[in-house]
Every structure is written in structure tokens, then in C-alpha cells.
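As stored in coords-v3.pdb (PDB, C-alpha atoms, pLDDT in the B column):
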```pdb
ATOM      1  CA  MET B   1     -58.489   7.905 159.365  1.00 79.00           C
ATOM      2  CA  SER B   2     -55.076   6.351 160.070  1.00 78.00           C
ATOM      3  CA  TYR B   3     -51.768   8.054 159.350  1.00 77.00           C
ATOM      4  CA  GLN B   4     -51.051   5.598 156.509  1.00 81.00           C
ATOM      5  CA  THR B   5     -54.369   6.439 154.802  1.00 86.00           C
ATOM      6  CA  TYR B   6     -53.606  10.137 155.251  1.00 85.00           C
ATOM      7  CA  ARG B   7     -50.227   9.670 153.529  1.00 86.00           C
ATOM      8  CA  LEU B   8     -51.894   7.838 150.637  1.00 91.00           C
ATOM      9  CA  TRP B   9     -54.418  10.659 150.172  1.00 91.00           C
ATOM     10  CA  LYS B  10     -51.625  13.220 150.397  1.00 90.00           C
ATOM     11  CA  ALA B  11     -49.618  11.437 147.675  1.00 93.00           C
ATOM     12  CA  LEU B  12     -52.751  11.149 145.515  1.00 94.00           C
ATOM     13  CA  VAL B  13     -53.513  14.881 145.798  1.00 94.00           C
ATOM     14  CA  VAL B  14     -49.896  15.771 144.917  1.00 92.00           C
ATOM     15  CA  ILE B  15     -49.989  13.482 141.860  1.00 95.00           C
ATOM     16  CA  ILE B  16     -53.318  14.912 140.652  1.00 94.00           C
ATOM     17  CA  VAL B  17     -52.113  18.517 141.034  1.00 92.00           C
ATOM     18  CA  ALA B  18     -48.816  17.714 139.286  1.00 93.00           C
ATOM     19  CA  VAL B  19     -50.635  16.045 136.375  1.00 93.00           C
ATOM     20  CA  LEU B  20     -53.135  18.911 136.158  1.00 92.00           C
ATOM     21  CA  VAL B  21     -50.429  21.592 136.118  1.00 90.00           C
ATOM     22  CA  GLY B  22     -48.252  19.552 133.768  1.00 91.00           C
ATOM     23  CA  TRP B  23     -51.161  19.230 131.320  1.00 92.00           C
ATOM     24  CA  ALA B  24     -52.683  22.715 131.672  1.00 90.00           C
ATOM     25  CA  THR B  25     -49.580  24.871 131.279  1.00 87.00           C
ATOM     26  CA  PRO B  26     -48.381  23.558 127.892  1.00 88.00           C
ATOM     27  CA  ALA B  27     -52.003  23.350 126.716  1.00 89.00           C
ATOM     28  CA  GLY B  28     -52.360  27.097 127.202  1.00 88.00           C
ATOM     29  CA  TYR B  29     -54.539  27.084 130.340  1.00 88.00           C
ATOM     30  CA  ALA B  30     -52.137  29.178 132.403  1.00 86.00           C
ATOM     31  CA  TRP B  31     -54.860  30.032 134.963  1.00 89.00           C
ATOM     32  CA  VAL B  32     -55.318  26.391 136.069  1.00 89.00           C
ATOM     33  CA  PRO B  33     -52.279  25.996 138.450  1.00 89.00           C
ATOM     34  CA  LEU B  34     -53.470  28.667 140.896  1.00 91.00           C
ATOM     35  CA  PRO B  35     -56.981  27.270 141.611  1.00 92.00           C
ATOM     36  CA  ALA B  36     -55.572  23.727 141.483  1.00 91.00           C
ATOM     37  CA  ALA B  37     -52.990  24.560 144.158  1.00 90.00           C
ATOM     38  CA  ALA B  38     -55.599  26.367 146.265  1.00 93.00           C
ATOM     39  CA  ALA B  39     -57.998  23.415 145.995  1.00 93.00           C
ATOM     40  CA  ALA B  40     -55.183  21.026 146.937  1.00 92.00           C
ATOM     41  CA  VAL B  41     -54.392  23.049 150.074  1.00 91.00           C
ATOM     42  CA  VAL B  42     -58.076  23.050 151.115  1.00 93.00           C
ATOM     43  CA  ILE B  43     -58.411  19.306 150.454  1.00 92.00           C
ATOM     44  CA  MET B  44     -55.228  18.589 152.429  1.00 89.00           C
ATOM     45  CA  LEU B  45     -56.518  20.597 155.387  1.00 89.00           C
ATOM     46  CA  LEU B  46     -59.825  18.714 155.305  1.00 89.00           C
ATOM     47  CA  ILE B  47     -58.059  15.349 155.080  1.00 88.00           C
ATOM     48  CA  ARG B  48     -55.721  16.274 157.953  1.00 84.00           C
ATOM     49  CA  ARG B  49     -58.715  17.024 160.180  1.00 85.00           C
ATOM     50  CA  GLY B  50     -59.873  13.448 159.809  1.00 83.00           C
ATOM     51  CA  VAL B  51     -56.623  11.913 161.043  1.00 82.00           C
ATOM     52  CA  ARG B  52     -56.755  10.463 164.545  1.00 78.00           C
ATOM     53  CA  GLU B  53     -52.979  10.541 165.127  1.00 77.00           C
ATOM     54  CA  VAL B  54     -50.770  13.590 165.484  1.00 80.00           C
ATOM     55  CA  VAL B  55     -49.307  14.251 162.019  1.00 77.00           C
ATOM     56  CA  VAL B  56     -47.266  17.384 162.664  1.00 83.00           C
ATOM     57  CA  ASP B  57     -45.143  18.033 165.721  1.00 87.00           C
ATOM     58  CA  GLU B  58     -42.036  19.938 166.783  1.00 93.00           C
ATOM     59  CA  ARG B  59     -39.645  17.488 165.086  1.00 94.00           C
ATOM     60  CA  ILE B  60     -41.379  18.034 161.736  1.00 93.00           C
ATOM     61  CA  TYR B  61     -41.088  21.809 162.219  1.00 94.00           C
ATOM     62  CA  ASP B  62     -37.430  21.399 163.175  1.00 95.00           C
ATOM     63  CA  ILE B  63     -36.746  19.385 160.014  1.00 95.00           C
ATOM     64  CA  ALA B  64     -38.640  21.949 157.901  1.00 95.00           C
ATOM     65  CA  ARG B  65     -36.713  24.805 159.526  1.00 95.00           C
ATOM     66  CA  ARG B  66     -33.352  23.183 158.829  1.00 96.00           C
ATOM     67  CA  ALA B  67     -34.318  22.301 155.254  1.00 97.00           C
ATOM     68  CA  ALA B  68     -35.577  25.855 154.619  1.00 95.00           C
ATOM     69  CA  ARG B  69     -32.371  27.345 156.001  1.00 95.00           C
ATOM     70  CA  MET B  70     -30.226  25.077 153.854  1.00 96.00           C
ATOM     71  CA  ALA B  71     -32.332  25.771 150.741  1.00 96.00           C
ATOM     72  CA  PHE B  72     -32.187  29.513 151.396  1.00 95.00           C
ATOM     73  CA  GLN B  73     -28.426  29.597 151.925  1.00 95.00           C
ATOM     74  CA  ALA B  74     -27.639  27.400 148.916  1.00 96.00           C
ATOM     75  CA  GLY B  75     -30.240  29.139 146.710  1.00 95.00           C
ATOM     76  CA  VAL B  76     -29.157  32.703 147.472  1.00 96.00           C
ATOM     77  CA  LEU B  77     -25.476  31.850 147.137  1.00 96.00           C
ATOM     78  CA  ALA B  78     -26.022  30.053 143.812  1.00 97.00           C
ATOM     79  CA  MET B  79     -28.223  32.850 142.482  1.00 96.00           C
ATOM     80  CA  ALA B  80     -25.710  35.533 143.474  1.00 96.00           C
ATOM     81  CA  LEU B  81     -22.763  33.650 141.973  1.00 97.00           C
ATOM     82  CA  VAL B  82     -24.543  32.765 138.723  1.00 97.00           C
ATOM     83  CA  GLY B  83     -25.979  36.298 138.470  1.00 96.00           C
ATOM     84  CA  ALA B  84     -22.560  37.886 138.976  1.00 96.00           C
ATOM     85  CA  THR B  85     -21.049  35.526 136.381  1.00 96.00           C
ATOM     86  CA  LEU B  86     -23.787  36.394 133.867  1.00 96.00           C
ATOM     87  CA  LEU B  87     -23.243  40.113 134.480  1.00 95.00           C
ATOM     88  CA  ALA B  88     -19.492  39.723 134.035  1.00 94.00           C
ATOM     89  CA  LEU B  89     -20.077  37.856 130.769  1.00 94.00           C
ATOM     90  CA  SER B  90     -22.574  40.484 129.609  1.00 93.00           C
ATOM     91  CA  TYR B  91     -19.888  43.161 129.691  1.00 91.00           C
ATOM     92  CA  GLY B  92     -17.835  41.088 127.253  1.00 87.00           C
ATOM     93  CA  ASP B  93     -19.067  39.077 124.299  1.00 88.00           C
ATOM     94  CA  TYR B  94     -22.559  38.237 125.661  1.00 91.00           C
ATOM     95  CA  PRO B  95     -24.538  41.483 126.202  1.00 91.00           C
ATOM     96  CA  HIS B  96     -27.864  39.597 125.985  1.00 92.00           C
ATOM     97  CA  LEU B  97     -27.119  37.987 129.383  1.00 94.00           C
ATOM     98  CA  GLU B  98     -27.371  41.299 131.213  1.00 94.00           C
ATOM     99  CA  THR B  99     -31.114  41.079 131.979  1.00 95.00           C
ATOM    100  CA  ALA B 100     -30.820  37.526 133.285  1.00 95.00           C
ATOM    101  CA  GLY B 101     -27.820  38.505 135.413  1.00 96.00           C
ATOM    102  CA  PHE B 102     -29.560  41.523 136.950  1.00 96.00           C
ATOM    103  CA  THR B 103     -32.710  39.463 137.576  1.00 95.00           C
ATOM    104  CA  MET B 104     -30.764  36.832 139.494  1.00 96.00           C
ATOM    105  CA  VAL B 105     -28.702  39.306 141.490  1.00 96.00           C
ATOM    106  CA  TYR B 106     -31.743  41.406 142.403  1.00 96.00           C
ATOM    107  CA  THR B 107     -33.705  38.287 143.362  1.00 96.00           C
ATOM    108  CA  ALA B 108     -30.869  37.173 145.648  1.00 96.00           C
ATOM    109  CA  ALA B 109     -30.715  40.660 147.173  1.00 96.00           C
ATOM    110  CA  GLY B 110     -34.520  40.694 147.609  1.00 96.00           C
ATOM    111  CA  LEU B 111     -34.472  37.344 149.388  1.00 95.00           C
ATOM    112  CA  LEU B 112     -31.741  38.621 151.720  1.00 96.00           C
ATOM    113  CA  VAL B 113     -33.856  41.699 152.534  1.00 97.00           C
ATOM    114  CA  ILE B 114     -36.882  39.472 153.291  1.00 96.00           C
ATOM    115  CA  TYR B 115     -34.638  37.296 155.474  1.00 95.00           C
ATOM    116  CA  LEU B 116     -33.318  40.286 157.428  1.00 95.00           C
ATOM    117  CA  ILE B 117     -36.830  41.707 157.984  1.00 96.00           C
ATOM    118  CA  SER B 118     -38.136  38.291 159.079  1.00 94.00           C
ATOM    119  CA  TYR B 119     -35.127  37.824 161.360  1.00 92.00           C
ATOM    120  CA  ALA B 120     -35.719  41.199 162.996  1.00 92.00           C
ATOM    121  CA  CYS B 121     -39.434  40.433 163.498  1.00 92.00           C
ATOM    122  CA  TYR B 122     -38.805  37.012 165.038  1.00 90.00           C
ATOM    123  CA  SER B 123     -35.949  38.360 167.135  1.00 90.00           C
ATOM    124  CA  ARG B 124     -38.311  40.960 168.609  1.00 89.00           C
ATOM    125  CA  LYS B 125     -41.105  38.406 169.046  1.00 90.00           C
ATOM    126  CA  LEU B 126     -38.844  35.918 170.807  1.00 88.00           C
ATOM    127  CA  GLY B 127     -37.281  38.508 173.090  1.00 84.00           C
ATOM    128  CA  GLY B 128     -33.872  38.876 171.497  1.00 63.00           C
ATOM    129  CA  LYS B 129     -33.891  42.661 171.912  1.00 61.00           C
ATOM    130  CA  GLU B 130     -31.357  43.974 174.487  1.00 59.00           C
TER
ATOM    131  CA  MET N   1     -13.970  19.867 174.777  1.00 54.00           C
ATOM    132  CA  PRO N   2     -16.108  16.721 175.237  1.00 56.00           C
ATOM    133  CA  ARG N   3     -19.457  16.687 173.420  1.00 59.00           C
ATOM    134  CA  ALA N   4     -22.513  16.816 175.667  1.00 57.00           C
ATOM    135  CA  ARG N   5     -25.639  14.860 174.775  1.00 86.00           C
ATOM    136  CA  ILE N   6     -29.054  14.166 176.192  1.00 90.00           C
ATOM    137  CA  GLY N   7     -29.748  10.493 176.847  1.00 92.00           C
ATOM    138  CA  ASN N   8     -33.123   9.042 177.732  1.00 95.00           C
ATOM    139  CA  ARG N   9     -34.793   5.976 179.247  1.00 96.00           C
ATOM    140  CA  ILE N  10     -37.978   6.049 177.183  1.00 96.00           C
ATOM    141  CA  ARG N  11     -37.627   2.497 175.889  1.00 96.00           C
ATOM    142  CA  ARG N  12     -37.096   1.112 179.412  1.00 96.00           C
ATOM    143  CA  LEU N  13     -39.965   3.167 180.872  1.00 96.00           C
ATOM    144  CA  ARG N  14     -42.304   1.887 178.146  1.00 96.00           C
ATOM    145  CA  PHE N  15     -41.228  -1.652 178.961  1.00 95.00           C
ATOM    146  CA  GLU N  16     -41.821  -1.097 182.693  1.00 94.00           C
ATOM    147  CA  ARG N  17     -45.361   0.110 181.951  1.00 92.00           C
ATOM    148  CA  GLY N  18     -46.496  -3.108 180.405  1.00 92.00           C
ATOM    149  CA  GLU N  19     -44.835  -2.641 177.033  1.00 91.00           C
ATOM    150  CA  MET N  20     -46.658   0.604 176.265  1.00 94.00           C
ATOM    151  CA  THR N  21     -46.662   1.046 172.496  1.00 95.00           C
ATOM    152  CA  GLN N  22     -44.919   3.903 170.723  1.00 94.00           C
ATOM    153  CA  GLU N  23     -48.308   4.918 169.272  1.00 91.00           C
ATOM    154  CA  GLU N  24     -49.837   5.148 172.717  1.00 93.00           C
ATOM    155  CA  LEU N  25     -46.964   7.191 174.125  1.00 95.00           C
ATOM    156  CA  ALA N  26     -47.038   9.477 171.065  1.00 94.00           C
ATOM    157  CA  ALA N  27     -50.789  10.016 171.408  1.00 92.00           C
ATOM    158  CA  ARG N  28     -50.562  10.780 175.111  1.00 93.00           C
ATOM    159  CA  ALA N  29     -47.550  13.084 174.736  1.00 94.00           C
ATOM    160  CA  GLY N  30     -49.012  14.805 171.667  1.00 93.00           C
ATOM    161  CA  CYS N  31     -46.320  13.991 169.127  1.00 94.00           C
ATOM    162  CA  THR N  32     -45.851  11.614 166.195  1.00 91.00           C
ATOM    163  CA  ARG N  33     -44.713   7.997 166.508  1.00 91.00           C
ATOM    164  CA  GLN N  34     -41.725   8.902 164.337  1.00 91.00           C
ATOM    165  CA  THR N  35     -40.622  11.377 167.006  1.00 95.00           C
ATOM    166  CA  ILE N  36     -40.747   8.668 169.678  1.00 96.00           C
ATOM    167  CA  ILE N  37     -38.656   6.417 167.421  1.00 95.00           C
ATOM    168  CA  ALA N  38     -36.131   9.248 166.861  1.00 95.00           C
ATOM    169  CA  LEU N  39     -35.970   9.912 170.619  1.00 95.00           C
ATOM    170  CA  GLU N  40     -35.379   6.250 171.460  1.00 95.00           C
ATOM    171  CA  GLN N  41     -32.619   6.072 168.864  1.00 93.00           C
ATOM    172  CA  GLY N  42     -30.995   9.191 170.305  1.00 91.00           C
ATOM    173  CA  LYS N  43     -31.325  11.038 167.017  1.00 92.00           C
ATOM    174  CA  TYR N  44     -33.503  13.834 168.345  1.00 93.00           C
ATOM    175  CA  VAL N  45     -33.489  15.982 171.477  1.00 93.00           C
ATOM    176  CA  PRO N  46     -36.988  17.173 172.433  1.00 95.00           C
ATOM    177  CA  SER N  47     -38.076  20.624 173.530  1.00 95.00           C
ATOM    178  CA  ILE N  48     -38.571  21.231 177.250  1.00 95.00           C
ATOM    179  CA  GLU N  49     -42.346  21.135 176.682  1.00 96.00           C
ATOM    180  CA  LEU N  50     -42.324  17.735 174.992  1.00 96.00           C
ATOM    181  CA  ALA N  51     -39.839  16.412 177.566  1.00 96.00           C
ATOM    182  CA  PHE N  52     -42.246  17.397 180.372  1.00 97.00           C
ATOM    183  CA  LYS N  53     -45.192  15.841 178.544  1.00 96.00           C
ATOM    184  CA  ILE N  54     -43.321  12.546 178.142  1.00 97.00           C
ATOM    185  CA  ALA N  55     -42.220  12.561 181.782  1.00 97.00           C
ATOM    186  CA  ARG N  56     -45.788  13.248 182.946  1.00 97.00           C
ATOM    187  CA  THR N  57     -47.109  10.483 180.703  1.00 96.00           C
ATOM    188  CA  PHE N  58     -44.870   8.071 182.603  1.00 96.00           C
ATOM    189  CA  GLY N  59     -45.635   9.770 185.922  1.00 95.00           C
ATOM    190  CA  VAL N  60     -41.988  10.430 186.731  1.00 96.00           C
ATOM    191  CA  THR N  61     -39.710  13.465 186.973  1.00 96.00           C
ATOM    192  CA  LEU N  62     -37.894  14.925 183.989  1.00 95.00           C
ATOM    193  CA  GLU N  63     -34.516  13.616 185.141  1.00 95.00           C
ATOM    194  CA  GLU N  64     -35.840  10.093 185.454  1.00 95.00           C
ATOM    195  CA  VAL N  65     -36.497  10.170 181.707  1.00 96.00           C
ATOM    196  CA  PHE N  66     -33.750  12.408 180.362  1.00 95.00           C
ATOM    197  CA  GLN N  67     -30.119  12.549 181.457  1.00 94.00           C
ATOM    198  CA  TYR N  68     -27.550  15.172 180.600  1.00 91.00           C
ATOM    199  CA  GLU N  69     -24.294  13.425 179.769  1.00 81.00           C
ATOM    200  CA  GLU N  70     -21.001  15.261 179.299  1.00 77.00           C
TER
END
```

Can the structure in the file be given as C-alpha cells, please?
Amino acid sequence: MSYQTYRLWKALVVIIVAVLVGWATPAGYAWVPLPAAAAAVVIMLLIRRGVREVVVDERIYDIARRAARMAFQAGVLAMALVGATLLALSYGDYPHLETAGFTMVYTAAGLLVIYLISYACYSRKLGGKE
Amino acid sequence: MPRARIGNRIRRLRFERGEMTQEELAARAGCTRQTIIALEQGKYVPSIELAFKIARTFGVTLEEVFQYEE
């Protein structure tokens, strides 16, 4: 299979999963997204095996790493700022925003904890320990 | 402080080897064609491992492919 065919199959699988999830969730079949996503991952792995060319290399991982870092930094910062704003508002005229505020702030804090643990693990693995 | 960059002669070396295609070089070096394109355009600096693989594909030393410019 050529790389172009692989990309077509990949796009097709993404579209099918998106349509399936988009239909199932409002229709009340909340269990559908999980097996659909799992099936999509398995299908993608099978399709990738059939590709003659190299489809993933260090540049792809580098791009993914940079994108993940940017998404993490922007996401955590936004969540912390919005959460803090919601909490500040909840102490005034909008007490119903308290739960949402705490959820966002705790999620941001949780992500930071996961980041620190992952950083420590990779630092040890890659010999960063003095 | 002047900015250092890594230049390369991949395009010329491909030409000297009978116009080796980007696909062929990518397959032999174990990377994607897009990575070869990015390298030739100077948009991407490869890892030491990939740099060695590319140099060995051409049968030359690392410094004959990549140059450190200050």
C-alpha cells in the first residue's frame, strides 16, 4: 500500500468514527464512542502494517512533541486563569460558578502533577540525574 | 551572538548519485520523504542517528553531508 492510499484510509476511518460518535451520543448510545475508538485504533494499526514506506519518523515525533508541549502550556494556563476567574466570581454574585471553578483549577493542578511525575521519570531514564 | 545552523549537501549528493529520488533516499535512510524535503530546505536538523544513516547511504562521512556553520 502506498503512503497516499494509507492517508486516504486514515481520513476515512476518522470520518467514520466522527460520524458514529456524533450520531450515537445524542441518540443516547453513550457506550458507542469507546468501542468505536478502540476499533479505529486497531484498524489504523493494521492499515499501517501494510504500508511499504516509512510513515512515522523522528521528525513526526518532534512535531508531536512540540505540539503537545504547546497544547499543554496553553491549556493549563487557560484552565488555571478561567478557573481562578470563576472562583473569584463565585464569591460575589455568582455562587453557582464555584463547582466549575474548582473543577478547572483542580484539573490544571492535576495536569501539572502528571507533568512533573513524567518529567522526573524521563529525566531519570535519559540520565539527567546528577 | 551569531546564530549557528547546520547546512547540508543532500540535494547535491543525490544529484551526483544519478539523481537518486527522495523516496529512495528516505527508504534507505529509514525516514519519510517529507523529512528529506524538510532537510533539503534547511527546515529541519536531523538527529545524529539519522545523520549517520544518510551519510552511510551516500557512502561518505558525516561532515561531507552536514556542515556546522556559525

**Report entry** Coordinates-based distance that separates atom CA of Gly22 of chain B from atom CA of Gly101 of chain B (Å, one decimal)
**Finding:**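 Distance between the two atoms: 27.9 Å.
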
**Report entry** Residue among B:Ala74, B:Ala67, B:Val17, B:Leu126 lying closest to Ala38 of chain B, counting all atoms listed in the file
**Finding:**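 Answer, going by the shortest atom-to-atom distance: B:Val17.
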
Query raised in the report: If you measure from atom CA of Lys53 of chain N to atom CA of Arg66 of chain B, what distance in Å do you get, rounded to one decimal?
Result: 24.1 Å

Report task. Grab the atom CA of Ala11 of chain B to atom CA of Arg48 of chain B distance for me, in Å with one decimal place. Result -> 12.9 Å

Query raised in the report: Counting only C-alpha atoms, what is within 12 Å of Asp57 of chain B, bar same-chain residues fewer than 5 positions away, as a ChimeraX atom specification?
Result: /B:62-64 /N:26-27,29-36,46-47,49-50

Within 9 Å of chain N: each chain B residue with its shortest pair, only C-alpha atoms, as CSV:
```
residue,atom,partner,partner_atom,distance
B:Glu53,CA,N:Ala27,CA,6.7
B:Val54,CA,N:Thr32,CA,5.3
B:Val55,CA,N:Thr32,CA,6.0
B:Val56,CA,N:Thr32,CA,6.9
B:Asp57,CA,N:Cys31,CA,5.4
B:Glu58,CA,N:Cys31,CA,7.7
B:Arg59,CA,N:Thr35,CA,6.5
B:Ile60,CA,N:Thr35,CA,8.5
```

Produce a file of the selected residues containing C-alpha atoms, as a PDB file, in the frame of the given file.
```
ATOM      1  CA  GLU B  53     -52.979  10.541 165.127  1.00 77.00           C
ATOM      2  CA  VAL B  54     -50.770  13.590 165.484  1.00 80.00           C
ATOM      3  CA  VAL B  55     -49.307  14.251 162.019  1.00 77.00           C
ATOM      4  CA  VAL B  56     -47.266  17.384 162.664  1.00 83.00           C
ATOM      5  CA  ASP B  57     -45.143  18.033 165.721  1.00 87.00           C
ATOM      6  CA  GLU B  58     -42.036  19.938 166.783  1.00 93.00           C
ATOM      7  CA  ARG B  59     -39.645  17.488 165.086  1.00 94.00           C
ATOM      8  CA  ILE B  60     -41.379  18.034 161.736  1.00 93.00           C
TER       9      ILE B  60
END
```

Query raised in the report: So which residues touch Tyr68 of chain N within 12 Å, counting only C-alpha atoms, skipping near sequence neighbours fewer than 3 positions away, as a ChimeraX atom specification?
Result: /N:3-9,45,62-65

Query raised in the report: Excluding same-chain residues fewer than 2 positions from Ala108 of chain B, what lies within 12 Å of it counting only C-alpha atoms, as a ChimeraX atom specification?
Result: /B:72-84,101-106,110-115

Query raised in the report: Nearest to Ala51 of chain N: which of N:Gly18, N:Arg12, N:Glu69, N:Leu39 is it, counting only C-alpha atoms?
Result: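 Answer, going by the shortest atom-to-atom distance: N:Leu39.
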
**Report entry** Shortest interatomic distance to Ile37 of chain N - which of N:Leu25, N:Val60, N:Leu13, N:Ala55, counting all atoms listed in the file
**Finding:** N:Leu25

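With all atoms listed in the file as the basis for measurement, N:Glu40 is the residue among N:Glu40, N:Gln67, N:Phe52, N:Gln22 that approaches Ile10 of chain N most closely.
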
Could you give me the axis-aligned bounding box of segment 29-32 of chain N, with 4 Å of padding per side, as centre plus edge lengths in Å to one decimal, as lines of an AutoDock Vina configuration file?
```
center_x = -47.4
center_y = 13.2
center_z = 170.5
size_x = 11.2
size_y = 11.2
size_z = 16.5
```

May I have the residues within 9 Å of segment 42-47 of chain B as a short mmCIF file (atom, residue, chain, number, x, y, z; two decimals) with C-alpha atoms, keeping the file's coordinate frame, using all atoms listed in the file and disregarding those fewer than 3 positions away in the same chain?
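Contents of selection-v4.cif, freshly written:
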```cif
data_model
loop_
_atom_site.label_atom_id
_atom_site.label_comp_id
_atom_site.auth_asym_id
_atom_site.auth_seq_id
_atom_site.Cartn_x
_atom_site.Cartn_y
_atom_site.Cartn_z
CA MET B 1 -58.49 7.90 159.36
CA TYR B 6 -53.61 10.14 155.25
CA TRP B 9 -54.42 10.66 150.17
CA LYS B 10 -51.62 13.22 150.40
CA VAL B 13 -53.51 14.88 145.80
CA ALA B 37 -52.99 24.56 144.16
CA ALA B 38 -55.60 26.37 146.26
CA ALA B 39 -58.00 23.42 146.00
CA GLY B 50 -59.87 13.45 159.81
CA VAL B 51 -56.62 11.91 161.04
#
```
